[in-house]
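Encoded as structure tokens, the structure appears first; notes follow it.
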Amino acid sequence: MPEGKTIAEMQKEVDSYIGQFKEGYFSPLAMLARLTEELGELAREVNHYYGEKPKKASEEDKTMEQEIGDMLFVLICLANSLQIDLSEAHDLVMHKFQTRDKDRWTKKEKGEQNQ
């Protein structure tokens, strides 16, 4: 099975896409508003599938995959506009979880690892 794109490849692909337009990236504040909007759309989908609020018959059928993809796109735009390498950001947060938060939750026993 072929591997997916790296985060660096995704950042470059988004930058190439945005770079073809005169407007360029939106301001960080506008992108934060867009990210919040996309989060609301994801929350709505989660509520339809797992919550008590079914979709109306007239509502468009979207998937959580699409909504997460929309959020990822905007997050990459925000990171790119601020010259943030998402791989480095990921490494920083993983270090935090593996040090400061390493004993915060109950770890699985060896036989439970793949469950």
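Chain identifiers are assigned as A, B, and so on, following the order in which chains appear in the structure tokens; residues are numbered from 1 within each chain, and ligands are numbered from 1 in order of appearance.
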
Can you write out as JSON lines which residues of segment 34-86 of chain A fall within 12 Å of segment 92-97 of chain A, alongside each residue's closest atom pair and its distance in Å to one decimal, counting only C-alpha atoms and ordering rows by chain and ascending residue number?
```
{"residue": "A:Ile84", "atom": "CA", "partner": "A:Leu92", "partner_atom": "CA", "distance": 11.9}
{"residue": "A:Asp85", "atom": "CA", "partner": "A:Leu92", "partner_atom": "CA", "distance": 10.8}
{"residue": "A:Leu86", "atom": "CA", "partner": "A:Leu92", "partner_atom": "CA", "distance": 9.7}
```

Compile the contact shell of segment 8-25 of chain A as number ranges by chain: residues with an atom at most 9 Å away, counting only C-alpha atoms, same-chain residues fewer than 3 positions apart removed. A: 5, 28, 31, 73, 76-81, 85-87

Separating atom CA of Glu65 of chain A from atom CA of Leu39 of chain A, to the nearest tenth of an Å, is a gap of 12.4 Å

Can you check which residues of chain A DSSP gives as helix (DSSP H, G or I) on the backbone and send them as a ChimeraX atom specification? /A:7-19,28-50,64-81,86-99,110-112

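Distances here use only C-alpha atoms; by that measure, the residue among A:Asn47, A:Met64, A:Val74, A:Pro54 closest to Leu35 of chain A is A:Val74.
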
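In this model, the gap between atom CA of Glu45 of chain A and atom CA of Thr63 of chain A comes to 7.0 Å.
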
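For Glu67 of chain A, the non-local neighbours within 12 Å, defined as residues at least 5 positions apart in the same chain or in other chains and counting only C-alpha atoms, are A:Leu35, A:Thr36, A:Glu37, A:Glu38, A:Leu39, A:Gly40, A:Glu41, A:Leu42, A:Ala43, A:Arg44, A:Glu45, A:Val46, A:Asp61, A:Lys62, A:Leu72, A:Phe73, A:Val74.
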
Take the residues from that selection and write them out as a JSON list (two decimals), in the first residue's frame, keeping N, CA and C atoms.
```
[["chain", "number", "residue", "atom", "x", "y", "z"],
["A", 35, "LEU", "N", -11.21, 28.39, 10.71],
["A", 35, "LEU", "CA", -10.97, 27.14, 11.42],
["A", 35, "LEU", "C", -12.12, 26.86, 12.39],
["A", 36, "THR", "N", -12.59, 27.90, 13.06],
["A", 36, "THR", "CA", -13.72, 27.77, 13.98],
["A", 36, "THR", "C", -14.98, 27.37, 13.22],
["A", 37, "GLU", "N", -15.19, 27.97, 12.07],
["A", 37, "GLU", "CA", -16.33, 27.62, 11.21],
["A", 37, "GLU", "C", -16.27, 26.15, 10.80],
["A", 38, "GLU", "N", -15.10, 25.71, 10.38],
["A", 38, "GLU", "CA", -14.95, 24.30, 9.96],
["A", 38, "GLU", "C", -15.13, 23.36, 11.14],
["A", 39, "LEU", "N", -14.67, 23.76, 12.33],
["A", 39, "LEU", "CA", -14.87, 22.94, 13.52],
["A", 39, "LEU", "C", -16.37, 22.80, 13.81],
["A", 40, "GLY", "N", -17.12, 23.86, 13.63],
["A", 40, "GLY", "CA", -18.57, 23.80, 13.82],
["A", 40, "GLY", "C", -19.21, 22.82, 12.85],
["A", 41, "GLU", "N", -18.74, 22.81, 11.61],
["A", 41, "GLU", "CA", -19.28, 21.88, 10.62],
["A", 41, "GLU", "C", -18.94, 20.44, 10.98],
["A", 42, "LEU", "N", -17.73, 20.22, 11.49],
["A", 42, "LEU", "CA", -17.36, 18.88, 11.94],
["A", 42, "LEU", "C", -18.22, 18.48, 13.14],
["A", 43, "ALA", "N", -18.41, 19.39, 14.07],
["A", 43, "ALA", "CA", -19.24, 19.10, 15.24],
["A", 43, "ALA", "C", -20.65, 18.72, 14.82],
["A", 44, "ARG", "N", -21.17, 19.39, 13.84],
["A", 44, "ARG", "CA", -22.52, 19.09, 13.34],
["A", 44, "ARG", "C", -22.57, 17.67, 12.77],
["A", 45, "GLU", "N", -21.55, 17.29, 12.00],
["A", 45, "GLU", "CA", -21.51, 15.94, 11.44],
["A", 45, "GLU", "C", -21.40, 14.89, 12.54],
["A", 46, "VAL", "N", -20.54, 15.13, 13.53],
["A", 46, "VAL", "CA", -20.39, 14.19, 14.64],
["A", 46, "VAL", "C", -21.73, 14.05, 15.37],
["A", 61, "ASP", "N", -25.50, 15.45, 2.34],
["A", 61, "ASP", "CA", -24.76, 14.39, 3.03],
["A", 61, "ASP", "C", -23.27, 14.69, 2.93],
["A", 62, "LYS", "N", -22.66, 15.06, 4.04],
["A", 62, "LYS", "CA", -21.22, 15.30, 4.10],
["A", 62, "LYS", "C", -20.62, 14.20, 4.95],
["A", 72, "LEU", "N", -8.03, 20.57, 8.22],
["A", 72, "LEU", "CA", -6.60, 20.38, 7.97],
["A", 72, "LEU", "C", -6.08, 21.42, 6.98],
["A", 73, "PHE", "N", -6.84, 21.66, 5.92],
["A", 73, "PHE", "CA", -6.44, 22.65, 4.92],
["A", 73, "PHE", "C", -6.26, 24.03, 5.56],
["A", 74, "VAL", "N", -7.25, 24.45, 6.34],
["A", 74, "VAL", "CA", -7.17, 25.78, 6.96],
["A", 74, "VAL", "C", -6.03, 25.83, 7.98]]
```
